[in-house]
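What follows is one structure encoded as structure tokens, with my remarks underneath.
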Protein chains: 2
Amino acid sequence: MPQSVLTPQAENFPQWYQDVVTKAELADNGPVRGTMVIRPYGYAIWERMQRELDDRIKAAGARNAYFPLFIPESYFTREAEHVEGFSPEMAVVTHAGGKELDEPAVVRPTSETIIDVFLAKWVQSHRDLPLAINQWANVVRWELRPRLFLRTTEFLWQEGHTAHASQDDARRYALRILREVYEDFAVNVLGIPVVVGLKTEQERFAGADATYTIEGMMGDGKALQMGTSHELGQNFAKVFGIQFQDEAGRNEFAWQTSWGVSTRLVGALIMAHGDDSGLRLPPRLAPVQAVVLLVRDEGGAGEQAAAIVGDLGDAGVRVELDTRVGTSFGRRAVDWELKGVPVRVEVGPRDLAQGLVTLVRRDTNSKEQVGRDGLGRRVASLLEHVQANVYGEALDRREARTADADSIAEAVDAAQAGFARVPWDMAREAEAKLNESGVSVRCLQRSDGGLPGSSADPDLVATVAKAY
Amino acid sequence: MPQSVLTPQAENFPQWYQDVVTKAELADNGPVRGTMVIRPYGYAIWERMQRELDDRIKAAGARNAYFPLFIPESYFTREAEHVEGFSPEMAVVTHAGGKELDEPAVVRPTSETIIDVFLAKWVQSHRDLPLAINQWANVVRWELRPRLFLRTTEFLWQEGHTAHASQDDARRYALRILREVYEDFAVNVLGIPVVVGLKTEQERFAGADATYTIEGMMGDGKALQMGTSHELGQNFAKVFGIQFQDEAGRNEFAWQTSWGVSTRLVGALIMAHGDDSGLRLPPRLAPVQAVVLLVRDEGGAGEQAAAIVGDLGDAGVRVELDTRVGTSFGRRAVDWELKGVPVRVEVGPRDLAQGLVTLVRRDTNSKEQVGRDGLGRRVASLLEHVQANVYGEALDRREARTADADSIAEAVDAAQAGFARVPWDMAREAEAKLNESGVSVRCLQRSDGGLPGSSADPDLVATVAKAY
């Protein structure tokens with residue numbers, strides 16, 4: 001494998017992305033248009049995301065369940081905005097078991113409709129509320145311009161669906177998920193700073209009253225929507241009959257939320273931190289946090305490398321051993337760089353003769369020779385520094401590339417390189433014009449950075465950017 | 001909730017099963033025929049199964065990945081036996097994105113064909129082998145007689161797919177998965193003894209050279225196929241072009257295996273251990289191993305109950321606290337019985353005044369008053385006894401209900417109540433006749449209990465039973 005295996009970012013960022021996905025063996029295109037094969041290394045990254053998100057989702061009181069892949073076509077037509085939003089992307093099963101079906105079955109693009117049919121059965125009294133369900137599943141939305149991880153016909157995600165006794169409680173929960181699950185995960189695990197805000201009416205989820213989002217800035221300055229949390233009001237509850245008896249004995253419709261993140265986050269991870277040598281994984285997320293690289297199996301180096309793997313494992317580090325001495329050292333080092341493993345521990349006979357090993361950080365490429373003793377604690381601590389640094393770099397970039405704009409023309413201009421902040425009062429009427437210029441309103445915030453309740457609130461700031 | 005909430009097993013076992021699934025809130029029927037909603041408690045059981053199986057699968061060297069749900073119809077026609085076996089059960093997407101597709105897409109019933117297309121790309125040299133991939137996914141097989149968990153149109157499973165350099169290596173791996181993953185999990189986690197054997201040609205997987213199985217006996221004496229591992233020979237490798245260069249530089253076709261277990265195992269768990277009061281979960285599998293039941297919130301009982309939950313958690317017990325004192329104690333106890341939680345810790349003011357709490361075992365229904373101190377260790381130890389006992393009971397039943405038969409008529413007769421063991425030389429020609437009598441050959445073993453290489457081996461014993 002040659003050193004310059006990837007197209008440089010500065011030359012062609014999309015081609016660089018495609019190269020990383022292929023060469024780091026993250027994913028391949030599937031045979032049916034827009035589908036994706038997630039290869040073992042890519043899937044290990046997704047499994048780490050699942051574990052971290054699942055812990056947070058359970059801590060927020062939601063319980064996992066599983067609803068059918070196939071949804072009767074008629075369910076979708078019940079909520080007018082919802083069907084209008086999703087119809088163009090639906091895949092439909094018309095034949096099964098050798099016969100034509102009486103009613104076509106839609107392959108779920110999202111599960112509000114089918115889950116709500118069951119929430120209507122399970123919710124009777126205010127004592128049944130709040131009820132919070134989460135599902136890890138595959139969904140299908142037919143894509144005309146697919147791109148691995150970012151936009152695929154089938155993708156993996158979690159989707160949360162909840163019912164509450166009051167609008168306030170629903171709103172609090174939608175924001176709790178946004179902050180305690182999605183923002184916390186993005187910032188503290190993925191190491192990606194996010195702009196947290198409200199979507200405009202044009203950009204919100206089909207059928208929702210309000211959509212909140214976290215938006216990350218990628219290496220090329222474009223925005224990526226990384227997760228959304230919706231207030232559904234009573235829209236679906238009225239259509240599907242989710243009613244409860246309140247404390248006074250009156251029948252009321254439930255207030256609902258839904259929220260999700262997907263394998264798109266793997267794309268975010270690649271584009272937020274990657275460089276011309278490949279992935280740079282934040283340690284808290286990395287499936288392999290450190291690789292122990294045996295330089296040559298001489299002078300007891302093989303035994304020492306194995307012992308070091310033991311020490312690192314004992315210190316709680318996810319570690320792998322590379323003893324492929326039949327392959328050149330340089331080639332192996334480049335391969336681990338490509339895969340973004342945060343720390344390399346190089347173990348060779350020359351260093352060892354002096355009681356030393358070499359530590360290499362993937363994020364800074366800095367090397368240091370350190371003593372063999374106490375290596376477990378040392379690497380564990382180094383990983384925390386790497387985590388902080390990749391986050392710091394992403395934050396620096398976002399700050400450097402975010403500009404305040406005083407006109408729509410200025411905003412479009414600034415959005416060519418990053419994020420533009422422009423008064424919503426100015427952008428509201430110009431949203432279509434912004435879109436024609438290839439940029440979009442990513443979200444709205446209050447001028448103090450807080451979350452607005454509605455896009456009609458005064459003094460809001462719109463973040464405008466090109467987006468994936 | 002009345003005490004006799006379930007139809008007694010002796011009266012109507014299938015109705016008892018359906019009652020448990022409904023009343024313990026494990027699953028519901030979905031709207032599209034044969035589909036299933038897995039409710040939170042049922043899904044928590046499946047998550048525990050996934051965790052235990054996934055650890056074992058990874059320990060056996062397989063790596064998780066994900067392949068597309070949609071498979072081009074033409075892929076299936078390449079392997080003649082395979083398409084013949086699966087065609088009648090396929091669900092087909094003909095329309096997507098508002099248009100008719102050029103080639104219909106099959107919703108995967110199993111993934112050999114699509115995974116093999118990629119194995120053909122990834123495998124080049126003997127150094128790439130063995131290559132072992134596992135996938136956790138949903139699959140669809142159209143069911144005419146659906147039954148929750150046991151036989152559903154859509155189900156969740158893991159499917160392993162491997163490629164090897166030799167027939168021997170493939171065979172060893174198929175058996176390793178069978179023994180170290182499936183049998184070990186069934187016996188040591190689910191607490192279900194299994195008959196491990198070879199399927200007859202009639203019963204084997206469509207496209208395989210050999211199918212190995214683990215078969216459990218349910219509470220009514222019927223057999224349930226709990227997991228299968230297949231030797232695929234070079235059948236798929238030849239069709240999909242999975243070739244490698246061996247050490248001598250010759251091109252050879254790979255030897256393959258595939259293997260899977262599914263949400264059907266939840267059905268096995270219910271039927272192997274359940275009784276007229278509901279589920280009886282083996283502690284190693286149970287999502288909730290112990291419930292601390294607050295009898296009345298008086299005399300400091302509430303604080304003590306919470307403290308006991310802490311102690312049990314510290315002792316590694318998965319524990320839940322029930323403080324719903326507004327609901328009658330009896331009703332809550334019956335509910336936890338129904339849910340099969342292995343141990344109840346009843347905490348009330350009267351016991352506490354003497355420094356005591358009451359422990360109730362779900363498996364034997366025995367109660368004992370024990371001291372408040374050292375409760376964590378005591379419950380952890382009790383759980384091990386419960387685990388051993390539920391396994392022992394299942395083993396006793398299987399032994400009591402397994403008979404040696406000297407004729408086909410005797411075998412059919414014995415199979416009305418359990419398993420019949422009959423010489424394969426006698427059953428071979430009578431397999432169709434056995435099927436007409438409502439029983440089937442579940443698997444073949446050597447007379448010493450070992451696994452045969454082929455159904456043509458001499459002196460094999462057939463286990464014959466009614467089956468789910």
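Naming works like this for the structure tokens: A, B, ... for the chains as they're shown, residue 1 at the start of each chain, ligands 1 onward in shown order.
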- Item | Secondary structure check, strand (DSSP E) residues of region 219-449 of chain A, as a VMD selection string | chain A and resid 223 to 233 243 to 245 251 to 253 255 to 262 290 to 294 319 to 322 343 to 347 356 to 361 367 to 371 402 to 404 419 to 423 440 to 446
Residues within 8 Å of Ser455 (chain B), please, as a compact mmCIF listing (two decimals) with N, CA, C and O atoms, in the first residue's frame. Count only C-alpha atoms; anything in the same chain fewer than 5 positions from it doesn't count.
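Writing done, so here's result.txt:
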# COMPACT_ATOMS: atom_id res chain seq x y z
N LEU B 198 -27.31 -34.59 13.46
CA LEU B 198 -27.30 -34.26 12.03
C LEU B 198 -28.71 -34.36 11.48
O LEU B 198 -29.43 -35.31 11.77
N THR B 200 -31.55 -35.08 8.62
CA THR B 200 -31.62 -35.98 7.46
C THR B 200 -31.58 -35.13 6.18
O THR B 200 -31.76 -33.92 6.22
N GLU B 201 -31.36 -35.77 5.06
CA GLU B 201 -31.29 -35.03 3.79
C GLU B 201 -32.57 -34.24 3.54
O GLU B 201 -32.55 -33.13 3.02
N LEU B 444 -29.99 -37.16 13.72
CA LEU B 444 -29.30 -38.45 13.78
C LEU B 444 -28.05 -38.30 14.65
O LEU B 444 -27.36 -37.29 14.56
N LEU B 460 -26.50 -45.57 13.03
CA LEU B 460 -26.97 -44.29 13.56
C LEU B 460 -28.32 -44.46 14.27
O LEU B 460 -29.08 -45.38 13.98
- Message: Distance cut-off 8 Å, counting only C-alpha atoms - which residues of chain B neighbour chain A? Return them as an MDAnalysis selection string.
- Response: chainID B and resid 30:32 35:40 42:44 63:72 87:98 105 133 141:143 154
- Message: I'd like the contact shell of region 271-288 of chain A - 7 Å cut-off, only C-alpha atoms, skipping same-chain residues fewer than 2 positions apart - returned as a PyMOL selection string.
- Response: chain A and resi 6+8-9+20+44-45+48-49+189-192+217-219+267-269+290+318-320+337-342+362-363+383+386-387+390+394
- Message: Env of Leu321 (chain B): 9 Å cut, atoms = only C-alpha atoms, seq-sep filter 4 positions within chain, self excluded. Answer as an NGL selection string.
- Response: :B and (290-294 or 305-306 or 309)
Residues just named, written with N, CA and C atoms as a compact mmCIF listing (two decimals), in the first residue's frame:
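And here is the file that came out, result-v1.txt:
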# COMPACT_ATOMS: atom_id res chain seq x y z
N ALA B 290 -33.83 -10.52 40.23
CA ALA B 290 -34.50 -10.45 41.53
C ALA B 290 -35.31 -9.17 41.59
N VAL B 291 -36.49 -9.28 42.19
CA VAL B 291 -37.29 -8.07 42.42
C VAL B 291 -37.42 -7.88 43.92
N VAL B 292 -37.19 -6.66 44.36
CA VAL B 292 -37.38 -6.33 45.76
C VAL B 292 -38.77 -5.71 45.88
N LEU B 293 -39.62 -6.42 46.62
CA LEU B 293 -41.03 -6.08 46.66
C LEU B 293 -41.33 -5.44 48.03
N LEU B 294 -41.64 -4.17 47.99
CA LEU B 294 -41.99 -3.47 49.23
C LEU B 294 -43.43 -3.84 49.60
N ALA B 305 -35.84 -1.32 51.65
CA ALA B 305 -36.00 -1.93 50.33
C ALA B 305 -35.02 -1.31 49.34
N ALA B 306 -34.92 0.03 49.38
CA ALA B 306 -33.99 0.71 48.48
C ALA B 306 -32.55 0.30 48.78
N VAL B 309 -31.85 -3.11 47.35
CA VAL B 309 -31.60 -3.03 45.90
C VAL B 309 -30.14 -2.66 45.65
- Message: Residues of region 364-432 of chain B classed as alpha helix (DSSP H) by DSSP on the backbone are to be reported as a PyMOL selection string.
- Response: chain B and resi 375-400+408-414+424-427+431-432
How would the residues just chosen look if you wrote them out with C-alpha atoms as an mmCIF file, in the first residue's frame?
data_model
loop_
_atom_site.group_PDB
_atom_site.id
_atom_site.type_symbol
_atom_site.label_atom_id
_atom_site.label_comp_id
_atom_site.auth_asym_id
_atom_site.auth_seq_id
_atom_site.Cartn_x
_atom_site.Cartn_y
_atom_site.Cartn_z
ATOM 1 C CA LEU B 375 -28.306 -10.496 51.471
ATOM 2 C CA GLY B 376 -26.377 -9.673 48.288
ATOM 3 C CA ARG B 377 -24.170 -12.764 48.480
ATOM 4 C CA ARG B 378 -27.079 -14.898 49.609
ATOM 5 C CA VAL B 379 -29.298 -13.955 46.647
ATOM 6 C CA ALA B 380 -26.401 -14.330 44.174
ATOM 7 C CA SER B 381 -25.847 -17.846 45.492
ATOM 8 C CA LEU B 382 -29.562 -18.649 45.455
ATOM 9 C CA LEU B 383 -29.691 -17.650 41.782
ATOM 10 C CA GLU B 384 -27.066 -20.270 40.971
ATOM 11 C CA HIS B 385 -29.235 -22.890 42.676
ATOM 12 C CA VAL B 386 -32.276 -21.792 40.701
ATOM 13 C CA GLN B 387 -30.261 -21.989 37.473
ATOM 14 C CA ALA B 388 -29.149 -25.534 38.277
ATOM 15 C CA ASN B 389 -32.634 -26.590 39.289
ATOM 16 C CA VAL B 390 -34.476 -25.384 36.189
ATOM 17 C CA TYR B 391 -31.895 -27.153 34.050
ATOM 18 C CA GLY B 392 -32.209 -30.290 36.175
ATOM 19 C CA GLU B 393 -35.982 -30.295 35.846
ATOM 20 C CA ALA B 394 -35.800 -29.913 32.070
ATOM 21 C CA LEU B 395 -33.267 -32.744 31.916
ATOM 22 C CA ASP B 396 -35.398 -34.996 34.117
ATOM 23 C CA ARG B 397 -38.386 -34.412 31.882
ATOM 24 C CA ARG B 398 -36.447 -35.160 28.755
ATOM 25 C CA GLU B 399 -35.055 -38.377 30.213
ATOM 26 C CA ALA B 400 -38.441 -39.466 31.492
ATOM 27 C CA ILE B 408 -41.693 -47.525 13.448
ATOM 28 C CA ALA B 409 -45.083 -48.094 15.057
ATOM 29 C CA GLU B 410 -43.517 -47.990 18.516
ATOM 30 C CA ALA B 411 -41.625 -44.823 17.600
ATOM 31 C CA VAL B 412 -44.792 -43.054 16.422
ATOM 32 C CA ASP B 413 -46.486 -44.156 19.600
ATOM 33 C CA ALA B 414 -43.690 -42.942 21.899
ATOM 34 C CA TRP B 424 -31.826 -45.028 11.518
ATOM 35 C CA ASP B 425 -31.512 -48.170 9.403
ATOM 36 C CA MET B 426 -35.128 -48.821 10.311
ATOM 37 C CA ALA B 427 -36.358 -45.220 9.979
ATOM 38 C CA GLU B 431 -39.286 -41.144 6.900
ATOM 39 C CA ALA B 432 -42.256 -40.238 4.686
#
- Query: Near Gln416 (chain A), within 8 Å and counting only C-alpha atoms, which residues show up once chain neighbours fewer than 4 positions away are dropped, as number ranges by chain?
  - Reply: A: 221, 412, 465-466
Dump of N, CA, C and O atoms for the selected residues, as a short mmCIF file (atom, residue, chain, number, x, y, z; two decimals), in the first residue's frame:
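Generated file (selection-v9.cif):
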data_model
loop_
_atom_site.label_atom_id
_atom_site.label_comp_id
_atom_site.auth_asym_id
_atom_site.auth_seq_id
_atom_site.Cartn_x
_atom_site.Cartn_y
_atom_site.Cartn_z
N GLY A 221 -16.14 22.39 6.02
CA GLY A 221 -16.96 23.53 6.40
C GLY A 221 -18.45 23.34 6.19
O GLY A 221 -19.25 24.19 6.59
N VAL A 412 -24.65 34.00 2.20
CA VAL A 412 -24.37 33.03 1.14
C VAL A 412 -22.87 32.96 0.90
O VAL A 412 -22.30 31.88 0.74
N ALA A 465 -25.79 27.31 6.09
CA ALA A 465 -24.61 26.61 5.59
C ALA A 465 -24.97 25.74 4.39
O ALA A 465 -26.14 25.47 4.13
N LYS A 466 -23.95 25.33 3.66
CA LYS A 466 -24.11 24.21 2.75
C LYS A 466 -24.23 22.96 3.62
O LYS A 466 -23.68 22.91 4.72
#
- Would you work out the distance separating CA of Gln256 (chain B) from CA of Gln167 (chain B), expressed in Å to one decimal? 8.0 Å
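Across the model, the gap from CA of Gly61 (chain B) to CA of His161 (chain B) is 11.9 Å.
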Excluding Gly85 (chain B) and residues on its chain fewer than 4 positions from it, collect all residues at most 12 Å away from it, counting only C-alpha atoms, and give them as a PDB file with C-alpha atoms, in the first residue's frame.
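Okay, part-v5.pdb is ready:
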ATOM      1  CA  PHE B  76     -31.336 -16.532  -5.761  1.00  0.00           C
ATOM      2  CA  THR B  77     -31.730 -18.338  -9.048  1.00  0.00           C
ATOM      3  CA  GLU B  79     -28.087 -21.909  -6.649  1.00  0.00           C
ATOM      4  CA  ALA B  80     -30.824 -24.291  -7.754  1.00  0.00           C
ATOM      5  CA  GLU B  81     -31.632 -26.050  -4.462  1.00  0.00           C
ATOM      6  CA  GLU B  89     -41.641 -17.884   1.217  1.00  0.00           C
ATOM      7  CA  MET B  90     -40.211 -14.765  -0.416  1.00  0.00           C
ATOM      8  CA  PRO B 109     -35.044 -14.696   3.823  1.00  0.00           C
ATOM      9  CA  THR B 110     -31.370 -15.530   4.533  1.00  0.00           C
ATOM     10  CA  ARG B 141     -40.167 -15.743   5.260  1.00  0.00           C
ATOM     11  CA  GLN B 202     -34.960 -34.198   3.687  1.00  0.00           C
ATOM     12  CA  GLU B 203     -34.693 -31.777   6.612  1.00  0.00           C
ATOM     13  CA  ARG B 204     -31.429 -30.054   5.810  1.00  0.00           C
ATOM     14  CA  PHE B 205     -30.937 -26.437   4.706  1.00  0.00           C
ATOM     15  CA  ALA B 206     -31.630 -25.735   1.044  1.00  0.00           C
ATOM     16  CA  GLY B 207     -28.207 -25.734  -0.609  1.00  0.00           C
ATOM     17  CA  ALA B 208     -26.215 -27.371   2.212  1.00  0.00           C
TER      18      ALA B 208
END
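Here CA of Ala223 (chain A) stands at a distance of 12.3 Å from CA of Gly438 (chain A).
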